[in-house]
>>> print(open('work07.cif').read())   # mmCIF, C-alpha atoms and all ligand atoms
data_upload
loop_
_atom_site.label_atom_id
_atom_site.label_comp_id
_atom_site.auth_asym_id
_atom_site.auth_seq_id
_atom_site.Cartn_x
_atom_site.Cartn_y
_atom_site.Cartn_z
CA MET H 134 0.00 0.00 0.00
CA ASN H 135 1.25 3.43 -0.87
CA ASN H 136 1.47 5.48 2.28
CA ASP H 137 1.63 8.74 0.39
CA HIS H 138 -2.07 8.56 -0.15
CA ASN H 139 -3.12 7.30 3.22
CA HIS H 140 -3.75 10.62 4.82
CA ASP H 141 -7.06 11.13 3.04
CA GLN H 142 -9.63 12.42 5.42
CA ASN H 143 -12.72 14.46 5.79
CA HIS H 144 -11.78 17.90 6.97
CA MET H 145 -14.33 19.08 9.41
CA ASP H 146 -11.91 19.81 12.21
CA ASN H 147 -11.64 23.54 11.90
CA GLY H 148 -13.96 24.44 14.76
CA SER H 149 -12.57 25.78 17.99
CA HIS H 150 -14.86 23.62 20.13
CA GLY H 151 -12.85 20.78 21.60
CA HIS H 152 -15.95 18.77 22.58
CA ASP H 153 -17.15 18.33 18.99
CA PRO H 154 -17.65 14.68 18.13
CA PRO H 155 -14.82 13.43 15.93
CA ILE H 156 -15.83 13.17 12.29
CA LYS H 157 -15.08 9.87 10.65
CA LYS H 158 -12.03 10.00 8.43
CA HIS H 159 -12.26 8.46 4.98
CA ASN H 160 -9.47 6.97 2.97
CA ILE H 161 -9.90 6.55 -0.77
CA THR H 162 -7.56 3.58 -1.01
CA GLU H 163 -9.53 1.87 1.75
CA ILE H 164 -12.91 2.68 0.16
CA ASN H 165 -11.72 1.36 -3.19
CA LYS H 166 -10.38 -1.82 -1.60
CA MET H 167 -13.62 -2.48 0.27
CA LEU H 168 -15.67 -1.89 -2.88
CA ASN H 169 -13.48 -4.29 -4.82
CA ILE H 170 -13.27 -7.01 -2.16
CA ASP H 171 -16.59 -6.78 -0.28
CA GLY H 172 -18.59 -5.00 -2.97
CA LYS H 173 -19.62 -2.52 -0.30
CA TYR H 174 -18.36 0.39 1.75
CA ILE H 175 -20.30 0.71 4.99
CA MET H 176 -20.58 4.23 6.38
CA ASP H 177 -20.04 4.50 10.10
CA ARG H 178 -23.19 6.11 11.45
CA GLY H 179 -22.06 6.31 15.05
CA SER H 180 -24.72 5.17 17.48
CA HIS H 181 -27.59 5.16 14.97
CA THR H 182 -29.34 1.81 14.74
CA HIS H 183 -31.72 0.47 12.13
CA HIS H 184 -34.65 1.19 14.43
CA ASP H 185 -33.55 4.80 14.96
CA ASN H 186 -34.21 5.22 11.25
CA LEU H 187 -37.92 4.76 11.78
CA VAL H 188 -38.24 7.25 14.62
CA SER H 189 -38.52 10.95 13.91
CA ILE H 190 -38.74 13.63 16.58
CA ARG H 191 -39.97 17.15 15.88
CA LYS H 192 -39.35 19.90 18.39
CA ASP H 193 -40.87 23.35 18.49
CA GLU H 194 -41.43 26.20 20.90
CA TYR H 195 -44.64 28.20 21.01
CA LYS H 196 -45.48 30.98 23.49
CA GLY H 197 -42.82 29.62 25.83
CA HIS H 198 -44.16 26.04 25.63
CA LYS H 199 -41.85 23.29 24.46
CA ILE H 200 -43.44 20.87 21.98
CA SER H 201 -42.00 17.46 21.11
CA ILE H 202 -43.65 15.10 18.62
CA THR H 203 -42.30 11.60 18.07
CA THR H 204 -43.39 9.66 15.01
CA THR H 205 -42.54 5.96 14.66
CA TYR H 206 -43.00 3.95 11.47
CA ASP H 207 -43.30 0.23 10.93
CA ILE H 208 -42.82 -0.61 7.26
CA GLU H 209 -42.85 -3.89 5.40
CA VAL H 210 -42.27 -4.59 1.72
CA ASP H 211 -43.23 -8.06 0.50
CA GLY H 212 -43.69 -9.09 4.14
CA LYS H 213 -40.17 -8.09 5.11
CA GLN H 214 -39.54 -5.23 7.52
CA ILE H 215 -37.36 -2.47 6.12
CA PHE H 216 -35.71 0.49 7.80
CA PRO H 217 -35.50 3.51 5.54
CA PRO H 218 -34.27 6.60 7.42
CA LEU H 219 -37.49 8.62 7.54
CA HIS H 220 -37.72 12.18 8.78
CA VAL H 221 -40.87 14.19 9.40
CA ASN H 222 -40.34 17.87 8.56
CA ASN H 223 -41.99 20.69 10.49
CA ASN H 224 -44.64 21.15 7.80
CA GLY H 225 -45.61 17.46 8.05
CA SER H 226 -43.90 16.30 4.86
CA VAL H 227 -41.69 13.22 5.08
CA SER H 228 -38.22 12.81 3.61
CA ALA H 229 -35.47 10.18 3.62
CA HIS H 230 -31.84 11.21 3.20
CA ILE H 231 -31.22 8.29 0.84
CA VAL H 232 -33.43 10.09 -1.72
CA PRO H 233 -31.91 13.43 -0.80
CA ASN H 234 -33.92 15.69 -3.07
CA TYR H 235 -37.39 14.54 -2.22
CA ALA H 236 -40.11 15.12 0.33
CA SER H 237 -43.70 13.93 0.18
CA SER H 238 -46.90 14.32 2.13
CA SER H 239 -47.42 10.59 1.61
CA VAL H 240 -45.15 7.86 2.97
CA ILE H 241 -46.74 5.46 0.48
CA GLU H 242 -45.55 7.67 -2.35
CA LEU H 243 -42.12 7.86 -0.73
CA MET H 244 -41.99 4.05 -0.54
CA ARG H 245 -42.79 3.81 -4.26
CA ILE H 246 -39.88 6.12 -4.95
CA LEU H 247 -37.55 4.05 -2.77
CA ILE H 248 -38.55 0.91 -4.68
CA ASP H 249 -37.77 2.72 -7.96
CA SER H 250 -34.52 4.21 -6.66
CA PHE H 251 -32.93 1.10 -5.17
CA PRO H 252 -33.30 -1.68 -7.73
CA GLU H 253 -30.51 -3.63 -6.04
CA ASP H 254 -32.63 -3.81 -2.84
CA PHE H 255 -36.01 -4.61 -4.36
CA LYS H 256 -35.48 -7.48 -6.74
CA GLY H 257 -38.43 -9.44 -8.13
CA GLY H 258 -41.76 -7.70 -8.58
CA ASN H 259 -42.68 -6.73 -12.10
CA MET K 191 -7.14 32.03 -16.35
CA VAL K 192 -10.79 33.13 -16.15
CA VAL K 193 -13.00 30.83 -18.20
CA THR K 194 -16.54 31.48 -19.39
CA ARG K 195 -19.29 29.03 -18.58
CA VAL K 196 -21.90 28.81 -21.31
CA ASN K 197 -25.39 27.44 -21.97
CA ILE K 198 -24.92 23.89 -23.32
CA LEU K 199 -27.60 24.52 -25.95
CA ASP K 200 -25.65 27.45 -27.42
CA ASN K 201 -22.22 25.99 -27.95
CA GLU K 202 -21.66 22.79 -29.88
CA SER K 203 -17.95 22.52 -29.25
CA VAL K 204 -18.27 22.97 -25.46
CA ARG K 205 -21.07 20.41 -25.46
CA ASN K 206 -18.88 17.90 -27.33
CA GLN K 207 -15.92 18.64 -25.08
CA PHE K 208 -18.04 18.07 -21.98
CA ILE K 209 -19.23 14.68 -23.24
CA ARG K 210 -15.75 13.63 -24.36
CA GLY K 211 -14.22 14.95 -21.13
CA VAL K 212 -16.44 13.08 -18.67
CA LYS K 213 -15.73 9.88 -20.61
CA LEU K 214 -12.00 10.54 -20.42
CA LEU K 215 -12.34 10.98 -16.64
CA LYS K 216 -13.91 7.50 -16.43
CA ASP K 217 -10.55 6.15 -17.66
CA ASP K 218 -8.42 8.57 -15.66
CA ILE K 219 -6.62 7.02 -12.68
CA LEU K 220 -4.66 9.45 -10.47
CA HIS K 221 -3.17 6.72 -8.25
CA PRO K 222 -3.03 2.97 -8.85
CA GLU K 223 -5.16 2.10 -5.79
CA TRP K 224 -7.82 4.70 -6.53
CA PRO K 225 -11.02 4.50 -8.52
CA ASN K 226 -11.17 6.57 -11.71
CA THR K 227 -11.47 10.33 -11.27
CA TYR K 228 -15.10 10.50 -12.40
CA ASP K 229 -16.17 7.86 -9.89
CA LEU K 230 -14.07 9.52 -7.21
CA LEU K 231 -16.19 12.66 -7.56
CA VAL K 232 -19.31 10.48 -7.19
CA ILE K 233 -17.86 8.88 -4.05
CA TRP K 234 -16.90 12.27 -2.60
CA HIS K 235 -20.49 13.48 -3.06
CA TYR K 236 -21.84 10.32 -1.45
CA ILE K 237 -19.48 10.61 1.55
CA ALA K 238 -20.30 14.29 2.11
CA MET K 239 -24.01 13.55 1.88
CA ASN K 240 -23.71 10.77 4.44
CA THR K 241 -21.63 12.85 6.83
CA PHE K 242 -24.24 14.32 9.16
CA THR K 243 -23.62 17.71 10.72
CA PRO K 244 -23.93 17.27 13.63
CA ALA K 245 -23.64 13.48 13.82
CA SER K 246 -26.55 13.30 16.27
CA GLN K 247 -29.16 13.85 13.53
CA MET K 248 -29.73 12.56 10.00
CA VAL K 249 -31.01 15.57 8.07
CA ARG K 250 -28.41 18.31 7.64
CA ASN K 251 -25.26 16.88 6.07
CA ALA K 252 -21.86 18.17 5.03
CA ALA K 253 -23.07 19.23 1.56
CA HIS K 254 -26.89 19.54 1.65
CA ILE K 255 -29.88 20.74 3.67
CA GLY K 256 -27.69 23.42 5.21
CA PRO K 257 -25.86 26.63 4.36
CA VAL K 258 -22.85 24.89 2.81
CA PHE K 259 -25.00 23.45 0.00
CA LEU K 260 -24.04 26.20 -2.45
CA PRO K 261 -20.30 26.64 -1.69
CA TRP K 262 -19.68 22.89 -1.39
CA HIS K 263 -21.12 22.22 -4.85
CA ARG K 264 -19.27 25.27 -6.21
CA TRP K 265 -16.04 23.62 -5.06
CA MET K 266 -17.01 20.32 -6.67
CA LEU K 267 -17.75 22.08 -9.98
CA ILE K 268 -14.44 23.97 -9.89
CA LEU K 269 -12.56 20.69 -9.43
CA LEU K 270 -14.53 18.96 -12.18
CA GLU K 271 -13.79 21.90 -14.49
CA ARG K 272 -10.09 21.67 -13.63
CA HIS K 273 -9.96 17.93 -14.36
CA LEU K 274 -11.84 18.39 -17.62
CA GLN K 275 -9.35 21.10 -18.65
CA ARG K 276 -6.55 18.65 -17.91
CA VAL K 277 -7.88 15.64 -19.81
CA LEU K 278 -9.10 17.81 -22.70
CA ASN K 279 -5.80 19.66 -22.74
CA ASP K 280 -7.67 22.95 -22.92
CA ASP K 281 -7.22 25.55 -20.18
CA ASN K 282 -9.97 27.64 -21.77
CA PHE K 283 -12.64 25.03 -21.18
CA GLY K 284 -15.51 26.28 -19.00
CA LEU K 285 -18.34 24.04 -17.80
CA PRO K 286 -21.65 24.26 -19.62
CA TYR K 287 -24.92 24.75 -17.73
CA TRP K 288 -28.48 23.66 -18.44
CA ASP K 289 -31.05 26.42 -17.96
CA TRP K 290 -33.79 23.96 -16.95
CA SER K 291 -36.29 26.72 -16.20
CA LYS K 292 -36.48 27.37 -19.93
CA ASP K 293 -37.58 23.77 -20.49
CA GLY K 294 -39.95 24.19 -17.54
CA GLU K 295 -41.95 26.57 -19.73
CA LEU K 296 -42.74 23.73 -22.19
CA SER K 297 -45.58 21.23 -21.87
CA PRO K 298 -44.80 18.07 -19.87
CA SER K 299 -44.43 15.96 -23.03
CA GLU K 300 -42.27 18.57 -24.78
CA GLN K 301 -39.99 18.71 -21.73
CA LYS K 302 -39.16 15.02 -22.16
CA THR K 303 -38.10 15.48 -25.78
CA ALA K 304 -36.31 18.81 -25.42
CA LEU K 305 -33.07 19.38 -27.34
CA LEU K 306 -30.85 18.47 -24.36
CA TRP K 307 -32.09 14.87 -24.54
CA SER K 308 -31.38 14.34 -28.23
CA ASP K 309 -28.67 11.93 -29.44
CA ALA K 310 -26.01 14.61 -29.97
CA PHE K 311 -26.55 15.97 -26.47
CA LEU K 312 -27.17 13.79 -23.39
CA GLY K 313 -29.51 11.16 -24.82
CA GLY K 314 -32.96 10.40 -23.45
CA THR K 315 -34.84 8.61 -20.72
CA GLY K 316 -34.99 4.90 -19.92
CA SER K 317 -33.94 2.18 -17.58
CA PRO K 318 -31.38 1.73 -18.95
CA VAL K 319 -30.83 4.80 -21.12
CA THR K 320 -30.65 3.61 -24.74
CA THR K 321 -29.98 6.77 -26.76
CA GLY K 322 -27.19 9.33 -26.88
CA PRO K 323 -23.61 9.17 -25.59
CA PHE K 324 -24.23 7.46 -22.22
CA THR K 325 -25.75 4.14 -23.23
CA GLU K 326 -24.72 0.62 -22.30
CA GLY K 327 -21.19 -0.01 -23.47
CA SER K 328 -20.20 3.66 -23.44
CA TRP K 329 -21.05 4.58 -19.85
CA LYS K 330 -20.97 2.39 -16.73
CA VAL K 331 -22.37 3.07 -13.29
CA ASN K 332 -19.74 1.51 -11.01
CA VAL K 333 -20.85 2.77 -7.60
CA ALA K 334 -24.32 3.32 -6.19
CA GLU K 335 -26.09 3.68 -2.86
CA ASP K 336 -28.26 0.99 -1.28
CA ILE K 337 -31.35 1.51 0.87
CA ASP K 338 -29.29 1.25 4.06
CA GLY K 339 -27.23 4.17 2.82
CA ASN K 340 -24.11 2.10 2.07
CA LEU K 341 -21.95 2.59 -0.99
CA ILE K 342 -22.06 -0.49 -3.21
CA ARG K 343 -20.11 -1.72 -6.24
CA THR K 344 -22.31 -2.05 -9.32
CA ASN K 345 -21.75 -2.79 -12.97
CA ARG K 346 -24.75 -1.55 -14.84
CA SER K 347 -25.98 1.12 -17.24
CA LEU K 348 -27.31 4.56 -16.42
CA THR K 349 -31.01 4.95 -15.62
CA ARG K 350 -33.40 7.89 -16.01
CA ASN K 351 -37.16 8.19 -15.71
CA PHE K 352 -38.19 11.61 -16.95
CA GLY K 353 -41.27 13.16 -15.42
CA ALA K 354 -42.34 10.00 -13.59
CA ILE K 355 -42.51 11.44 -10.08
CA ILE K 356 -43.15 15.08 -10.92
CA ALA K 357 -44.39 16.09 -14.36
CA ASN K 358 -42.73 19.49 -14.64
CA LEU K 359 -39.32 21.06 -14.36
CA PRO K 360 -39.17 24.34 -12.41
CA THR K 361 -40.36 27.43 -14.28
CA LYS K 362 -38.83 30.88 -14.79
CA ALA K 363 -41.37 32.29 -12.33
CA GLU K 364 -40.20 29.86 -9.63
CA VAL K 365 -36.59 30.86 -10.17
CA ARG K 366 -37.53 34.53 -9.88
CA THR K 367 -39.44 33.86 -6.66
CA ALA K 368 -36.35 32.20 -5.24
CA VAL K 369 -34.11 35.08 -6.21
CA ASP K 370 -36.56 37.58 -4.73
CA ARG K 371 -36.89 35.57 -1.51
CA GLY K 372 -36.47 37.69 1.56
CA GLN K 373 -36.89 41.12 0.03
CA PRO K 374 -36.39 43.64 1.48
CA ASN K 375 -34.36 41.68 4.05
CA VAL K 376 -32.25 39.58 1.71
CA VAL K 377 -30.84 36.66 3.64
CA TYR K 378 -28.58 33.89 2.41
CA ASP K 379 -29.58 31.46 5.14
CA THR K 380 -31.14 31.52 8.58
CA ALA K 381 -32.00 29.41 11.61
CA PRO K 382 -32.75 26.55 11.94
CA TRP K 383 -30.21 26.27 9.06
CA ASP K 384 -31.86 23.21 7.60
CA ILE K 385 -34.83 21.92 5.61
CA ASN K 386 -37.15 24.30 7.53
CA SER K 387 -35.29 27.58 6.87
CA ILE K 388 -36.96 30.43 5.01
CA SER K 389 -33.94 31.65 3.11
CA PHE K 390 -32.42 31.97 -0.35
CA ARG K 391 -30.27 28.84 0.07
CA ASN K 392 -33.21 26.71 1.17
CA GLU K 393 -35.44 28.11 -1.57
CA LEU K 394 -32.88 27.39 -4.30
CA GLU K 395 -32.06 23.97 -2.90
CA GLY K 396 -35.78 23.31 -3.20
CA TRP K 397 -37.19 22.78 0.29
CA VAL K 398 -39.37 25.87 0.78
CA ASN K 399 -43.12 25.27 0.39
CA ILE K 400 -42.76 21.52 -0.16
CA PRO K 401 -44.30 19.27 -1.28
CA PRO K 402 -44.05 19.14 -4.21
CA THR K 403 -40.30 19.20 -4.34
CA ARG K 404 -38.91 22.33 -6.02
CA LEU K 405 -36.07 24.02 -7.96
CA HIS K 406 -32.69 22.22 -7.67
CA ASN K 407 -34.34 19.24 -5.98
CA ALA K 408 -37.09 19.12 -8.58
CA VAL K 409 -34.51 18.78 -11.37
CA HIS K 410 -33.04 15.70 -9.69
CA VAL K 411 -36.49 14.23 -9.17
CA TRP K 412 -37.78 15.06 -12.67
CA VAL K 413 -34.77 13.33 -14.32
CA GLY K 414 -35.22 10.38 -11.91
CA GLY K 415 -33.32 7.07 -11.96
CA ASP K 416 -29.71 7.55 -10.91
CA MET K 417 -30.35 11.24 -10.23
CA LEU K 418 -32.46 10.31 -7.17
CA THR K 419 -29.83 9.02 -4.75
CA GLY K 420 -26.65 10.16 -3.01
CA THR K 421 -24.62 8.94 -6.00
CA SER K 422 -26.50 11.24 -8.40
CA PRO K 423 -23.27 12.57 -10.02
CA ASN K 424 -23.28 9.19 -11.83
CA ASP K 425 -25.41 11.00 -14.42
CA PRO K 426 -23.40 13.80 -16.10
CA VAL K 427 -26.58 15.90 -16.16
CA PHE K 428 -25.95 16.34 -12.42
CA TYR K 429 -23.20 18.82 -13.28
CA LEU K 430 -25.31 20.72 -15.81
CA ASN K 431 -27.99 21.14 -13.14
CA HIS K 432 -25.53 22.27 -10.49
CA CYS K 433 -23.79 24.65 -12.85
CA ASN K 434 -27.15 26.36 -13.38
CA VAL K 435 -27.77 26.39 -9.62
CA ASP K 436 -24.37 28.05 -9.22
CA ARG K 437 -25.30 30.55 -11.92
CA ILE K 438 -28.52 31.43 -10.07
CA TRP K 439 -26.49 31.94 -6.87
CA SER K 440 -24.12 34.22 -8.80
CA SER K 441 -27.06 36.14 -10.23
CA TRP K 442 -28.56 36.59 -6.73
CA THR K 443 -25.18 37.68 -5.33
CA LYS K 444 -24.83 40.32 -8.00
CA LYS K 445 -28.42 41.52 -7.78
CA TYR K 446 -28.17 42.21 -4.05
CA ASN K 447 -24.57 43.40 -4.10
CA ASN K 448 -22.82 40.54 -2.27
CA PRO K 449 -25.09 39.72 0.66
CA GLU K 450 -23.35 38.32 3.70
CA TYR K 451 -22.78 34.55 3.86
CA LEU K 452 -24.39 33.09 6.97
CA PRO K 453 -23.77 31.53 9.48
CA GLY K 454 -20.62 33.15 10.77
CA ASN K 455 -18.26 31.30 13.08
CA ASN K 456 -19.90 32.75 16.18
CA GLU K 457 -22.80 30.33 15.62
CA SER K 458 -23.18 26.96 17.36
CA SER K 459 -20.66 24.18 16.75
CA ASP K 460 -23.68 22.11 15.66
CA LEU K 461 -23.15 23.97 12.38
CA GLN K 462 -19.57 22.84 12.00
CA GLY K 463 -18.75 22.43 8.32
CA HIS K 464 -21.33 25.11 7.36
CA ARG K 465 -19.96 28.29 8.93
CA LEU K 466 -18.09 30.95 7.00
CA ASN K 467 -14.58 29.90 8.00
CA ASP K 468 -15.13 26.16 8.55
CA LEU K 469 -13.33 23.73 6.30
CA MET K 470 -15.79 21.96 4.04
CA ALA K 471 -15.99 18.16 3.72
CA SER K 472 -13.15 16.93 1.56
CA ILE K 473 -12.26 13.43 0.44
CA THR K 474 -8.51 13.85 0.17
CA GLU K 475 -5.70 16.39 0.50
CA ASP K 476 -4.01 14.90 -2.53
CA ASP K 477 -2.72 17.65 -4.82
CA GLN K 478 -3.47 15.75 -7.99
CA PHE K 479 -7.12 15.45 -7.08
CA ASP K 480 -7.30 18.99 -5.73
CA PRO K 481 -4.43 21.07 -7.12
CA LEU K 482 -6.27 24.27 -6.14
CA PHE K 483 -7.01 23.78 -2.45
CA ARG K 484 -5.51 20.43 -1.42
CA GLY K 485 -8.79 19.61 0.28
CA LYS K 486 -8.78 22.65 2.51
CA VAL K 487 -11.33 25.28 1.58
CA SER K 488 -14.03 27.25 3.41
CA PRO K 489 -17.20 28.92 2.15
CA LYS K 490 -15.48 32.31 2.47
CA ASP K 491 -12.84 31.23 -0.08
CA LEU K 492 -15.49 30.62 -2.74
CA LEU K 493 -17.87 33.54 -2.34
CA ASP K 494 -16.30 35.40 -5.24
CA PRO K 495 -15.30 32.96 -7.99
CA SER K 496 -14.67 35.70 -10.58
CA THR K 497 -10.92 35.03 -10.71
CA ARG K 498 -11.73 31.51 -11.92
CA TYR K 499 -14.85 31.72 -14.06
CA VAL K 500 -17.71 33.91 -15.20
CA TYR K 501 -21.07 33.04 -16.76
CA ASP K 502 -21.98 34.11 -20.28
CA THR K 503 -25.11 35.61 -18.76
CA LEU K 504 -26.65 36.01 -15.32
CA GLU K 505 -30.05 36.62 -16.89
CA LEU K 506 -32.56 34.23 -15.37
CU CU H 601 -25.43 17.30 -4.17
#
>>> encode(input="work07.cif", output="structure tokens")
Amino acid sequence: MNNDHNHDQNHMDNGSHGHDPPIKKHNITEINKMLNIDGKYIMDRGSHTHHDNLVSIRKDEYKGHKISITTTYDIEVDGKQIFPPLHVNNNGSVSAHIVPNYASSSVIELMRILIDSFPEDFKGGN
Amino acid sequence: MVVTRVNILDNESVRNQFIRGVKLLKDDILHPEWPNTYDLLVIWHYIAMNTFTPASQMVRNAAHIGPVFLPWHRWMLILLERHLQRVLNDDNFGLPYWDWSKDGELSPSEQKTALLWSDAFLGGTGSPVTTGPFTEGSWKVNVAEDIDGNLIRTNRSLTRNFGAIIANLPTKAEVRTAVDRGQPNVVYDTAPWDINSISFRNELEGWVNIPPTRLHNAVHVWVGGDMLTGTSPNDPVFYLNHCNVDRIWSSWTKKYNNPEYLPGNNESSDLQGHRLNDLMASITEDDQFDPLFRGKVSPKDLLDPSTRYVYDTLEL
């Protein structure tokens, strides 16, 4: 391995706040190797679990009152539970960062778009 | 050298150079253990999009749904332009843009068969795409995202699905509304600095008054297929869209006489990566990939790009 190119990293470390969580460093050689050997590069998402994906919390303040609204989804496709990272926006629309340019008032519509967008994950069907 | 970025419909030689150039980048390897330079740009976009800022939430990321959206993509375009100049051996080459709001004035069926999608330009819709320069055999999608948000190795053709999710591209009127957003208090971005902000950045990105999805976002969604996920730069039309987004930002900047970029560095560290002097999310410090900044650049460094490029027109 060529060490000259092993210092690749994400530069997010310019803040003056020492308590900031460390940002995962990425190494192109490593990413390329994992793609070639495992066919996959898994992003480290810290403490997020699959189930966290289905829970969305909205917070607001109104006339000095603190509002918190938690929405939890339970989604199956072809009888199999799936865990798309859903987020309810303040206006009630729902988005998922894996289709980063989209928000819908209907989770059904969003699911149709996920099925279209991730052919590798939804094989079969017609 | 200051290059001029032009409308892809107006300049045949720039259009042909763009198509030839992105193909050359698919065969361009900067280091033996690296993917090709085109795919590396795709991977960089994916990584930035999946780097959440802060890490405790999954909405605002290091390149989208936050203030850095515009400068981060400006950086990406500057690097693409530089690499295209290199492989084309033409320091005068400036990126072309696609003024999608002009097509947005056409009927839904005319939009799908507009000039941009003809054989000599980018080819048409389909899963896979079967016309134009990016069909099976001449263009491969090598990396994609899966539903768990991981980056996966693929070996397939490009996909598009014009108008399937939304029927219309954004219109001229929508662009003007975005540019007029905030008058008389013109504001680049504002709290909560995310998908809920009422600001120019959030309007142009396409999150204000959703659904339906709007402006920059609507272009991704209208094209569909590979343009829908975090690896959307797999479709070269990604860059034509973003070049027009950058042009609209330039037009807004000029119209209001250089409004302040916000947030400044006095704002919360939750906004790290988005503040004026923060370093933006890079993928490498390698000077062959980034001869201009070596991976270290802040929004403030890119607010005035006029020493690098200008647009043929800022008319919207
Ligand atoms: Cu992007």
>>> closest_atom_pairs(input="work07.cif", of="chain H", to="ligand CU 601 (chain H)", cutoff="12 Å", atoms="only C-alpha atoms and all ligand atoms", output="Markdown table")
| residue | atom | partner | partner_atom | distance |
| --- | --- | --- | --- | --- |
| H:His230 | CA | H:CU601 | CU | 11.5 |
| H:Ile231 | CA | H:CU601 | CU | 11.8 |
| H:Val232 | CA | H:CU601 | CU | 11.0 |
| H:Pro233 | CA | H:CU601 | CU | 8.3 |
| H:Asn234 | CA | H:CU601 | CU | 8.7 |
>>> interface_residues(input="work07.cif", of="chain K", to="chain H", cutoff="7 Å", atoms="all atoms listed in the file", output="count of residues only")
35
>>> atom_distance(input="work07.cif", atom1="atom CA of H:Ile202", atom2="atom CA of K:Ile255")
21.1 Å
>>> atom_distance(input="work07.cif", atom1="atom CA of K:Tyr378", atom2="atom CA of H:Ile190")
26.7 Å
>>> atom_distance(input="work07.cif", atom1="atom CA of K:Leu504", atom2="atom CA of K:Ser203")
21.3 Å
>>> closest_residue(input="work07.cif", among="H:Lys256, H:His184, H:Leu243, H:Arg191", to="H:Gln214", atoms="only C-alpha atoms")
H:His184
>>> residues_near_point(input="work07.cif", point="(-41.3, 20.7, -12.7)", cutoff="9 Å", atoms="all atoms listed in the file", output="list in words")
Ser291, Gly294, Pro298, Gly353, Ile356, Ala357, Asn358, Leu359, Pro360, Thr361, Thr403, Arg404, Leu405, Ala408, Val409, Val411 and Trp412 of chain K
>>> residues_around(input="work07.cif", residues="K:Ala310", least_positions_apart="4", cutoff="10 Å", atoms="only C-alpha atoms", output="MDAnalysis selection string")
chainID K and resid 202 205:206 209 305:306 321:323
>>> residues_near_point(input="work07.cif", point="(-26.2, 0.8, -14.6)", cutoff="7 Å", atoms="all atoms listed in the file", output="PDB file with C-alpha atoms, keeping the file's coordinate frame")
ATOM      1  CA  PRO K 318     -31.380   1.730 -18.950  1.00  0.00           C
ATOM      2  CA  LYS K 330     -20.970   2.390 -16.730  1.00  0.00           C
ATOM      3  CA  VAL K 331     -22.370   3.070 -13.290  1.00  0.00           C
ATOM      4  CA  ASN K 345     -21.750  -2.790 -12.970  1.00  0.00           C
ATOM      5  CA  ARG K 346     -24.750  -1.550 -14.840  1.00  0.00           C
ATOM      6  CA  SER K 347     -25.980   1.120 -17.240  1.00  0.00           C
ATOM      7  CA  LEU K 348     -27.310   4.560 -16.420  1.00  0.00           C
ATOM      8  CA  THR K 349     -31.010   4.950 -15.620  1.00  0.00           C
TER       9      THR K 349
END
>>> closest_residue(input="work07.cif", among="H:Leu187, H:Thr182, H:Ile200, H:Val210", to="H:Gly258", atoms="only C-alpha atoms")
H:Val210
>>> axis_aligned_box(input="work07.cif", around="stretch 200-210 of chain K", padding_each_side="3 Å", output="AutoDock Vina command-line options")
--center_x -20.7 --center_y 20.5 --center_z -25.9 --size_x 15.9 --size_y 19.8 --size_z 13.9
